[in-house]
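Undergrad: Sharing work-v4.cif here; it has mmCIF, C-alpha atoms.
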data_data
loop_
_atom_site.group_PDB
_atom_site.id
_atom_site.type_symbol
_atom_site.label_atom_id
_atom_site.label_comp_id
_atom_site.auth_asym_id
_atom_site.auth_seq_id
_atom_site.Cartn_x
_atom_site.Cartn_y
_atom_site.Cartn_z
ATOM 1 C CA MET A 4 -116.357 198.185 24.379
ATOM 2 C CA LYS A 5 -112.611 197.989 23.789
ATOM 3 C CA ILE A 6 -110.306 197.160 26.705
ATOM 4 C CA LEU A 7 -106.686 198.312 26.712
ATOM 5 C CA VAL A 8 -104.275 196.286 28.846
ATOM 6 C CA PRO A 9 -100.657 197.404 29.452
ATOM 7 C CA VAL A 10 -98.229 194.520 30.007
ATOM 8 C CA LYS A 11 -94.663 194.997 31.201
ATOM 9 C CA ARG A 12 -91.585 192.818 30.658
ATOM 10 C CA VAL A 13 -89.805 192.372 33.994
ATOM 11 C CA VAL A 14 -87.241 190.098 35.604
ATOM 12 C CA ASP A 15 -89.044 186.857 36.446
ATOM 13 C CA TYR A 16 -90.243 186.755 40.043
ATOM 14 C CA ASN A 17 -88.332 183.495 40.671
ATOM 15 C CA VAL A 18 -84.993 185.084 39.793
ATOM 16 C CA LYS A 19 -82.692 186.405 42.531
ATOM 17 C CA ILE A 20 -82.101 190.071 41.768
ATOM 18 C CA ARG A 21 -78.467 191.170 41.344
ATOM 19 C CA VAL A 22 -77.175 194.734 41.200
ATOM 20 C CA ARG A 23 -74.724 195.606 38.404
ATOM 21 C CA ALA A 24 -71.089 195.932 39.437
ATOM 22 C CA ASP A 25 -71.090 199.655 38.634
ATOM 23 C CA GLY A 26 -74.219 200.289 40.740
ATOM 24 C CA SER A 27 -76.137 201.704 37.764
ATOM 25 C CA GLY A 28 -79.117 199.379 38.111
ATOM 26 C CA VAL A 29 -80.324 195.789 38.222
ATOM 27 C CA GLU A 30 -78.549 193.200 36.093
ATOM 28 C CA THR A 31 -80.781 191.953 33.253
ATOM 29 C CA LYS A 32 -78.274 190.337 30.884
ATOM 30 C CA GLY A 33 -78.743 186.585 30.706
ATOM 31 C CA VAL A 34 -81.648 186.823 33.154
ATOM 32 C CA LYS A 35 -85.032 185.191 32.596
ATOM 33 C CA MET A 36 -87.711 187.787 31.840
ATOM 34 C CA SER A 37 -91.488 187.382 31.963
ATOM 35 C CA MET A 38 -94.747 189.295 32.137
ATOM 36 C CA ASN A 39 -95.313 191.304 35.309
ATOM 37 C CA PRO A 40 -97.561 189.088 37.534
ATOM 38 C CA PHE A 41 -100.150 191.806 38.193
ATOM 39 C CA ASP A 42 -100.422 192.361 34.430
ATOM 40 C CA GLU A 43 -101.252 188.668 34.047
ATOM 41 C CA ASN A 44 -104.280 189.291 36.261
ATOM 42 C CA ALA A 45 -105.199 192.326 34.178
ATOM 43 C CA ILE A 46 -105.067 190.486 30.834
ATOM 44 C CA GLU A 47 -106.942 187.519 32.296
ATOM 45 C CA GLU A 48 -109.744 189.789 33.559
ATOM 46 C CA ALA A 49 -110.006 191.561 30.198
ATOM 47 C CA VAL A 50 -110.272 188.227 28.373
ATOM 48 C CA ARG A 51 -112.942 187.050 30.812
ATOM 49 C CA LEU A 52 -114.964 190.211 30.210
ATOM 50 C CA LYS A 53 -114.770 189.551 26.488
ATOM 51 C CA GLU A 54 -115.859 185.942 26.989
ATOM 52 C CA GLU A 55 -118.850 187.250 28.968
ATOM 53 C CA GLY A 56 -119.820 189.434 26.000
ATOM 54 C CA VAL A 57 -119.062 192.658 27.872
ATOM 55 C CA ALA A 58 -116.032 193.637 25.775
ATOM 56 C CA SER A 59 -115.702 193.518 22.019
ATOM 57 C CA GLU A 60 -111.906 193.599 21.794
ATOM 58 C CA VAL A 61 -108.873 193.255 24.060
ATOM 59 C CA VAL A 62 -105.755 195.171 23.023
ATOM 60 C CA ALA A 63 -102.467 194.420 24.800
ATOM 61 C CA VAL A 64 -99.803 197.149 24.901
ATOM 62 C CA SER A 65 -96.164 197.008 25.909
ATOM 63 C CA ILE A 66 -93.642 199.844 25.973
ATOM 64 C CA GLY A 67 -89.896 199.347 25.773
ATOM 65 C CA LEU A 68 -87.315 197.353 23.865
ATOM 66 C CA ALA A 69 -88.061 195.107 20.885
ATOM 67 C CA ALA A 70 -87.819 192.120 23.258
ATOM 68 C CA CYS A 71 -91.149 193.235 24.788
ATOM 69 C CA ALA A 72 -92.772 191.582 21.756
ATOM 70 C CA GLU A 73 -92.388 188.244 23.543
ATOM 71 C CA THR A 74 -94.455 189.577 26.448
ATOM 72 C CA LEU A 75 -97.104 190.692 23.985
ATOM 73 C CA ARG A 76 -97.154 187.231 22.413
ATOM 74 C CA THR A 77 -97.861 185.797 25.848
ATOM 75 C CA ALA A 78 -100.820 188.182 26.133
ATOM 76 C CA LEU A 79 -102.036 187.104 22.680
ATOM 77 C CA ALA A 80 -101.749 183.451 23.697
ATOM 78 C CA ILE A 81 -103.863 184.130 26.794
ATOM 79 C CA GLY A 82 -106.584 185.677 24.648
ATOM 80 C CA ALA A 83 -105.843 189.268 23.630
ATOM 81 C CA ASP A 84 -107.073 190.119 20.136
ATOM 82 C CA ARG A 85 -104.365 192.580 19.121
ATOM 83 C CA ALA A 86 -100.996 193.758 20.351
ATOM 84 C CA ILE A 87 -99.193 197.093 20.106
ATOM 85 C CA LEU A 88 -95.523 197.652 20.890
ATOM 86 C CA VAL A 89 -94.321 201.191 21.550
ATOM 87 C CA GLU A 90 -90.648 200.628 20.899
ATOM 88 C CA THR A 91 -88.026 202.741 22.647
ATOM 89 C CA ASP A 92 -84.657 202.184 24.304
ATOM 90 C CA VAL A 93 -85.162 205.071 26.739
ATOM 91 C CA ALA A 94 -85.200 204.176 30.443
ATOM 92 C CA LEU A 95 -88.911 204.627 31.055
ATOM 93 C CA GLN A 96 -90.434 206.153 34.166
ATOM 94 C CA PRO A 97 -94.112 206.046 35.256
ATOM 95 C CA LEU A 98 -95.055 209.498 33.964
ATOM 96 C CA ALA A 99 -93.682 208.775 30.481
ATOM 97 C CA VAL A 100 -95.463 205.410 30.401
ATOM 98 C CA ALA A 101 -98.717 207.044 31.536
ATOM 99 C CA LYS A 102 -98.448 209.668 28.786
ATOM 100 C CA LEU A 103 -97.867 207.007 26.140
ATOM 101 C CA LEU A 104 -100.772 204.928 27.412
ATOM 102 C CA ALA A 105 -103.022 207.996 27.483
ATOM 103 C CA ALA A 106 -102.183 208.709 23.839
ATOM 104 C CA LEU A 107 -102.940 205.089 22.935
ATOM 105 C CA ALA A 108 -106.204 205.049 24.904
ATOM 106 C CA ARG A 109 -107.399 208.086 22.958
ATOM 107 C CA ARG A 110 -106.151 206.680 19.653
ATOM 108 C CA GLU A 111 -107.846 203.321 20.226
ATOM 109 C CA GLU A 112 -110.980 204.907 21.752
ATOM 110 C CA ALA A 113 -110.760 202.468 24.659
ATOM 111 C CA GLY A 114 -113.723 202.161 27.001
ATOM 112 C CA LEU A 115 -111.703 200.665 29.843
ATOM 113 C CA VAL A 116 -108.046 200.333 30.810
ATOM 114 C CA ILE A 117 -107.144 197.441 33.105
ATOM 115 C CA ALA A 118 -103.547 197.564 34.326
ATOM 116 C CA GLY A 119 -101.577 195.706 36.961
ATOM 117 C CA LYS A 120 -101.525 197.652 40.214
ATOM 118 C CA GLN A 121 -97.711 197.876 40.081
ATOM 119 C CA ALA A 122 -94.650 196.351 38.463
ATOM 120 C CA ILE A 123 -92.484 194.060 40.575
ATOM 121 C CA ASP A 124 -89.244 195.590 39.290
ATOM 122 C CA ASP A 125 -89.700 199.057 40.775
ATOM 123 C CA ASP A 126 -92.921 198.755 42.848
ATOM 124 C CA MET A 127 -93.832 202.327 41.915
ATOM 125 C CA ASN A 128 -97.627 201.799 41.935
ATOM 126 C CA ALA A 129 -98.055 205.111 40.106
ATOM 127 C CA THR A 130 -98.685 204.546 36.396
ATOM 128 C CA GLY A 131 -102.388 203.683 36.662
ATOM 129 C CA GLN A 132 -103.119 206.694 38.835
ATOM 130 C CA MET A 133 -101.172 209.034 36.549
ATOM 131 C CA LEU A 134 -102.952 207.613 33.518
ATOM 132 C CA ALA A 135 -106.373 208.285 35.037
ATOM 133 C CA ALA A 136 -105.342 211.862 35.843
ATOM 134 C CA LEU A 137 -104.024 212.499 32.312
ATOM 135 C CA LEU A 138 -107.206 211.116 30.733
ATOM 136 C CA ASP A 139 -109.441 212.744 33.365
ATOM 137 C CA TRP A 140 -111.145 209.374 33.844
ATOM 138 C CA PRO A 141 -112.411 207.872 37.115
ATOM 139 C CA GLN A 142 -110.187 205.211 38.643
ATOM 140 C CA ALA A 143 -110.300 202.284 41.054
ATOM 141 C CA THR A 144 -107.085 200.709 42.282
ATOM 142 C CA PHE A 145 -106.178 197.320 43.814
ATOM 143 C CA ALA A 146 -109.289 195.696 42.331
ATOM 144 C CA SER A 147 -110.298 192.255 43.615
ATOM 145 C CA LYS A 148 -113.543 192.109 41.608
ATOM 146 C CA ILE A 149 -114.816 193.880 38.486
ATOM 147 C CA ALA A 150 -118.341 193.848 37.051
ATOM 148 C CA ILE A 151 -119.466 195.815 33.989
ATOM 149 C CA ALA A 152 -123.102 196.688 33.313
ATOM 150 C CA GLY A 153 -125.119 199.640 32.054
ATOM 151 C CA GLY A 154 -122.120 201.715 31.064
ATOM 152 C CA GLU A 155 -120.642 201.462 34.563
ATOM 153 C CA ALA A 156 -117.920 199.451 36.253
ATOM 154 C CA THR A 157 -118.544 198.159 39.762
ATOM 155 C CA VAL A 158 -115.172 197.538 41.392
ATOM 156 C CA THR A 159 -114.477 195.920 44.752
ATOM 157 C CA ARG A 160 -111.119 196.544 46.403
ATOM 158 C CA GLU A 161 -109.569 195.309 49.613
ATOM 159 C CA VAL A 162 -108.585 197.806 52.300
ATOM 160 C CA ASP A 163 -107.172 197.370 55.799
ATOM 161 C CA ASP A 164 -110.566 197.210 57.503
ATOM 162 C CA GLY A 165 -112.562 195.269 54.902
ATOM 163 C CA LEU A 166 -113.848 195.848 51.377
ATOM 164 C CA GLU A 167 -114.748 198.980 49.430
ATOM 165 C CA THR A 168 -117.028 198.988 46.402
ATOM 166 C CA PHE A 169 -116.977 201.776 43.824
ATOM 167 C CA VAL A 170 -119.259 202.419 40.875
ATOM 168 C CA LEU A 171 -117.420 204.180 38.046
ATOM 169 C CA PRO A 172 -118.882 205.614 34.851
ATOM 170 C CA LEU A 173 -117.025 204.386 31.775
ATOM 171 C CA PRO A 174 -114.484 205.033 30.378
ATOM 172 C CA ALA A 175 -112.351 204.353 33.438
ATOM 173 C CA VAL A 176 -108.985 203.062 34.646
ATOM 174 C CA VAL A 177 -108.824 200.032 36.941
ATOM 175 C CA THR A 178 -105.674 198.476 38.416
ATOM 176 C CA ALA A 179 -105.653 194.762 39.214
ATOM 177 C CA ASP A 180 -104.581 193.019 42.396
ATOM 178 C CA LEU A 181 -103.564 189.350 42.647
ATOM 179 C CA ARG A 182 -106.899 188.409 44.225
ATOM 180 C CA LEU A 183 -108.811 189.523 41.127
ATOM 181 C CA ASN A 184 -108.511 186.131 39.437
ATOM 182 C CA GLU A 185 -106.324 183.105 38.733
ATOM 183 C CA PRO A 186 -104.605 183.647 35.359
ATOM 184 C CA ARG A 187 -104.996 180.757 32.935
ATOM 185 C CA TYR A 188 -102.146 178.856 31.343
ATOM 186 C CA ALA A 189 -101.854 179.515 27.626
ATOM 187 C CA SER A 190 -102.444 176.331 25.638
ATOM 188 C CA LEU A 191 -99.840 175.141 23.144
ATOM 189 C CA PRO A 192 -102.143 175.750 20.130
ATOM 190 C CA ASN A 193 -102.778 179.324 21.305
ATOM 191 C CA ILE A 194 -99.043 179.875 21.838
ATOM 192 C CA MET A 195 -98.367 178.729 18.277
ATOM 193 C CA LYS A 196 -101.152 180.938 16.902
ATOM 194 C CA ALA A 197 -99.825 183.921 18.877
ATOM 195 C CA ARG A 198 -96.411 183.552 17.238
ATOM 196 C CA LYS A 199 -97.994 184.106 13.842
ATOM 197 C CA LYS A 200 -100.077 187.138 14.789
ATOM 198 C CA PRO A 201 -98.734 190.547 13.724
ATOM 199 C CA ILE A 202 -97.719 193.093 16.351
ATOM 200 C CA ALA A 203 -98.239 196.748 15.464
ATOM 201 C CA THR A 204 -95.176 198.846 16.256
ATOM 202 C CA LEU A 205 -95.185 202.552 17.083
ATOM 203 C CA THR A 206 -92.663 205.021 18.436
ATOM 204 C CA PRO A 207 -93.147 207.628 21.169
ATOM 205 C CA ALA A 208 -92.693 210.329 18.520
ATOM 206 C CA GLU A 209 -95.654 208.955 16.548
ATOM 207 C CA LEU A 210 -97.759 209.325 19.679
ATOM 208 C CA GLY A 211 -96.463 212.836 20.323
ATOM 209 C CA VAL A 212 -94.765 211.940 23.601
ATOM 210 C CA ASP A 213 -91.236 212.658 24.799
ATOM 211 C CA PRO A 214 -90.301 209.748 27.119
ATOM 212 C CA ALA A 215 -87.066 211.319 28.393
ATOM 213 C CA PRO A 216 -86.528 210.544 32.117
ATOM 214 C CA ARG A 217 -87.262 213.299 34.653
ATOM 215 C CA LEU A 218 -85.559 211.530 37.535
ATOM 216 C CA LYS A 219 -81.906 210.536 37.694
ATOM 217 C CA VAL A 220 -80.823 207.361 39.454
ATOM 218 C CA LEU A 221 -77.659 208.134 41.388
ATOM 219 C CA GLU A 222 -76.855 204.651 42.618
ATOM 220 C CA VAL A 223 -78.414 201.245 43.163
ATOM 221 C CA THR A 224 -77.110 199.157 46.071
ATOM 222 C CA GLU A 225 -77.849 195.793 47.628
ATOM 223 C CA PRO A 226 -79.957 195.915 50.809
ATOM 224 C CA ALA A 227 -78.032 195.566 54.042
ATOM 225 C CA HIS A 228 -77.597 191.983 55.209
ATOM 226 C CA ARG A 229 -79.836 191.074 58.102
ATOM 227 C CA GLN A 230 -77.919 190.493 61.303
ATOM 228 C CA ALA A 231 -78.300 187.216 63.149
ATOM 229 C CA GLY A 232 -80.275 187.195 66.370
ATOM 230 C CA ARG A 233 -78.782 186.409 69.743
ATOM 231 C CA LYS A 234 -79.988 185.160 73.078
ATOM 232 C CA LEU A 235 -79.775 187.365 76.156
ATOM 233 C CA LYS A 236 -79.369 185.816 79.597
ATOM 234 C CA THR A 237 -80.950 188.463 81.812
ATOM 235 C CA VAL A 238 -83.684 191.091 81.742
ATOM 236 C CA ALA A 239 -81.037 193.743 82.351
ATOM 237 C CA GLU A 240 -79.239 192.732 79.159
ATOM 238 C CA LEU A 241 -82.543 192.882 77.255
ATOM 239 C CA VAL A 242 -83.353 196.359 78.577
ATOM 240 C CA ALA A 243 -79.850 197.580 77.688
ATOM 241 C CA ALA A 244 -80.153 196.143 74.142
ATOM 242 C CA LEU A 245 -83.554 197.736 73.627
ATOM 243 C CA ARG A 246 -82.224 201.074 74.888
ATOM 244 C CA ASP A 247 -78.897 201.138 73.049
ATOM 245 C CA GLU A 248 -79.299 198.944 69.973
ATOM 246 C CA ALA A 249 -82.951 198.702 68.923
ATOM 247 C CA ARG A 250 -84.010 200.954 66.048
ATOM 248 C CA VAL A 251 -87.493 202.136 65.214
ATOM 249 C CA ILE A 252 -88.275 201.476 61.539
#
Could you write out this file's structure as structure tokens?
TA:
Amino acid sequence: MKILVPVKRVVDYNVKIRVRADGSGVETKGVKMSMNPFDENAIEEAVRLKEEGVASEVVAVSIGLAACAETLRTALAIGADRAILVETDVALQPLAVAKLLAALARREEAGLVIAGKQAIDDDMNATGQMLAALLDWPQATFASKIAIAGGEATVTREVDDGLETFVLPLPAVVTADLRLNEPRYASLPNIMKARKKPIATLTPAELGVDPAPRLKVLEVTEPAHRQAGRKLKTVAELVAALRDEARVI
């Protein structure tokens, strides 16, 4: 079975996000970039399934600028067998990404797609679900445990009141949560080997997909600064503040 794992290049989670002066988006120039944390869990789980003898090949995929090749090399260093870059300078949105991944899943004849549950740059949490719909495959989201046997995937996910367990016929789409595993650190020898491995490059046109945005971002602004708290001397002052100032969120 072949596992396809999308990995996204995002602003590193340790970096303080800054909005561009013109309000057109988040500043990325001169900013440290890294693999989306949830995608680290996804690639780690795929590599573990291969080590268990469940999967025959792990293919990492990234979509975006040429710089995404560095993210793919991280995936190769962790243990992916091959890497594919769909290169485009278009501002990608979840539906376009899902269409490109669907085309790749069919092209590669993948038996399972493991993706991060969401990207930390936009928190959309939509690509995996859209991908499953486009492929007409079963899906399980927010996975905290995955087991493959007998042509089925048994997936456990955390919900507000406990755990849910689903049994999905393969092929399927699963999105990974942080509790799924603890991603390994890539060893120096594997990092060096990954730098020498070729990365296949495709374009959206070669996959028959138009990635043009369907949504237009009007403006990006900083969140409002949180106001400092204050002490009230009497119950009457508290009641007045709750009545006149408190806001229901």
Undergrad: Using only C-alpha atoms, find the one residue out of A:Ile81, A:Val22, A:Pro40, A:Gln96 that sits nearest to Pro192 in chain A.
TA: A:Ile81
Undergrad: Counting only C-alpha atoms, which residue out of A:Pro226, A:Gly26, A:Pro207, A:Gly131 sits closest to Val89 in chain A?
TA: A:Pro207
Undergrad: Take the PyMOL selection byres ((chain A and resi 14-21) around 7), apply it to the structure above, and return the hits as a list in words.
TA: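 On this input, the PyMOL selection byres ((chain A and resi 14-21) around 7) captures Val13, Val22, Arg23, Val29, Glu30, Val34, Lys35, Met36, Ser37 and Asp124 of chain A.
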Undergrad: Can I get the selection written as an mmCIF file, keeping the file's coordinate frame, with C-alpha atoms?
TA:
data_model
loop_
_atom_site.group_PDB
_atom_site.id
_atom_site.type_symbol
_atom_site.label_atom_id
_atom_site.label_comp_id
_atom_site.auth_asym_id
_atom_site.auth_seq_id
_atom_site.Cartn_x
_atom_site.Cartn_y
_atom_site.Cartn_z
ATOM 1 C CA VAL A 13 -89.805 192.372 33.994
ATOM 2 C CA VAL A 22 -77.175 194.734 41.200
ATOM 3 C CA ARG A 23 -74.724 195.606 38.404
ATOM 4 C CA VAL A 29 -80.324 195.789 38.222
ATOM 5 C CA GLU A 30 -78.549 193.200 36.093
ATOM 6 C CA VAL A 34 -81.648 186.823 33.154
ATOM 7 C CA LYS A 35 -85.032 185.191 32.596
ATOM 8 C CA MET A 36 -87.711 187.787 31.840
ATOM 9 C CA SER A 37 -91.488 187.382 31.963
ATOM 10 C CA ASP A 124 -89.244 195.590 39.290
#
Undergrad: In terms of the shortest atom-to-atom distance over only C-alpha atoms, which of A:Gly114, A:Pro9, A:Gly28, A:Pro214 is closest to Ala58 in chain A?
TA: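 Closest to Ala58 in chain A of all the choices is A:Gly114.
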Undergrad: Give as number ranges by chain the residues that the PyMOL selection byres ((chain A and resi 117) around 12) matches when applied to the coordinates above.
TA: A: 5-10, 41-50, 52, 61-64, 104, 108, 113-116, 118-121, 130-132, 134-135, 142-146, 148-149, 156, 158, 174-180, 183
Undergrad: Between A:Ala78, A:Leu138, A:Leu173, A:Val242, which residue has the minimum interatomic distance to Ala152 in chain A, considering only C-alpha atoms?
TA: A:Leu173
Undergrad: Please compute the CA of Leu205 in chain A-CA of Gly56 in chain A distance, one decimal, in Å.
TA: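 Computing it gives 29.3 Å between the two atoms.
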Undergrad: For Ala24 in chain A, which residue out of A:Leu98, A:Val223, A:Ala80, A:Leu103 is the nearest one, using only C-alpha atoms?
TA: A:Val223
Undergrad: Tell me which residues the PyMOL selection byres ((chain A and resi 199) around 12) grabs here, as a compact mmCIF listing (two decimals) with C-alpha atoms, in the coordinates of the input.
TA:
# COMPACT_ATOMS: atom_id res chain seq x y z
CA GLU A 73 -92.39 188.24 23.54
CA ARG A 76 -97.15 187.23 22.41
CA LEU A 79 -102.04 187.10 22.68
CA ALA A 80 -101.75 183.45 23.70
CA ARG A 85 -104.36 192.58 19.12
CA PRO A 192 -102.14 175.75 20.13
CA ASN A 193 -102.78 179.32 21.30
CA ILE A 194 -99.04 179.88 21.84
CA MET A 195 -98.37 178.73 18.28
CA LYS A 196 -101.15 180.94 16.90
CA ALA A 197 -99.82 183.92 18.88
CA ARG A 198 -96.41 183.55 17.24
CA LYS A 200 -100.08 187.14 14.79
CA PRO A 201 -98.73 190.55 13.72
CA ILE A 202 -97.72 193.09 16.35
Undergrad: Quick one: of A:Thr157, A:Ser59, A:Thr91, A:Ser147, who's nearest to Leu181 in chain A, counting only C-alpha atoms?
TA: A:Ser147
Undergrad: Could you name the residues that touch Leu68 in chain A at 12 Å or less, counting all atoms listed in the file, but leaving out those on the same chain fewer than 6 positions away, as a list in words?
TA: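 In the requested form, the answer reads Lys11, Arg12, Val13, Thr74, Leu75, Leu88, Val89, Glu90, Thr91, Asp92, Val93, Ala94, Leu95, Thr204, Leu205 and Thr206 of chain A.
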Undergrad: Within 12 Å of (-88.8, 210.0, 37.5) (coordinates as in the file), grab all the protein and nucleic acid residues, counting all atoms listed in the file, and write them out as a list in words.
TA: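 The distance filter leaves exactly Ala94, Leu95, Gln96, Pro97, Leu98, Ala99, Val100, Ala101, Asp125, Met127, Ala129, Thr130, Pro214, Ala215, Pro216, Arg217, Leu218, Lys219, Val220 and Leu221 of chain A.
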Undergrad: For the residues selected in the previous step, produce a file with C-alpha atoms as a PDB file, in the frame of the given file.
TA:
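result-v8.pdb, written as the output of this step:
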ATOM      1  CA  ALA A  94     -85.200 204.176  30.443  1.00  0.00           C
ATOM      2  CA  LEU A  95     -88.911 204.627  31.055  1.00  0.00           C
ATOM      3  CA  GLN A  96     -90.434 206.153  34.166  1.00  0.00           C
ATOM      4  CA  PRO A  97     -94.112 206.046  35.256  1.00  0.00           C
ATOM      5  CA  LEU A  98     -95.055 209.498  33.964  1.00  0.00           C
ATOM      6  CA  ALA A  99     -93.682 208.775  30.481  1.00  0.00           C
ATOM      7  CA  VAL A 100     -95.463 205.410  30.401  1.00  0.00           C
ATOM      8  CA  ALA A 101     -98.717 207.044  31.536  1.00  0.00           C
ATOM      9  CA  ASP A 125     -89.700 199.057  40.775  1.00  0.00           C
ATOM     10  CA  MET A 127     -93.832 202.327  41.915  1.00  0.00           C
ATOM     11  CA  ALA A 129     -98.055 205.111  40.106  1.00  0.00           C
ATOM     12  CA  THR A 130     -98.685 204.546  36.396  1.00  0.00           C
ATOM     13  CA  PRO A 214     -90.301 209.748  27.119  1.00  0.00           C
ATOM     14  CA  ALA A 215     -87.066 211.319  28.393  1.00  0.00           C
ATOM     15  CA  PRO A 216     -86.528 210.544  32.117  1.00  0.00           C
ATOM     16  CA  ARG A 217     -87.262 213.299  34.653  1.00  0.00           C
ATOM     17  CA  LEU A 218     -85.559 211.530  37.535  1.00  0.00           C
ATOM     18  CA  LYS A 219     -81.906 210.536  37.694  1.00  0.00           C
ATOM     19  CA  VAL A 220     -80.823 207.361  39.454  1.00  0.00           C
ATOM     20  CA  LEU A 221     -77.659 208.134  41.388  1.00  0.00           C
TER      21      LEU A 221
END
Undergrad: So what do you get for CA of Met38 in chain A versus CA of Asp126 in chain A, distance-wise?
TA: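 Pair CA of Met38 in chain A / CA of Asp126 in chain A returns 14.4 Å.
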Undergrad: So the first atom is CA of Ser27 in chain A and the second is CA of Asp213 in chain A; what is the distance between them in Å, to one decimal place?
TA: 22.7 Å
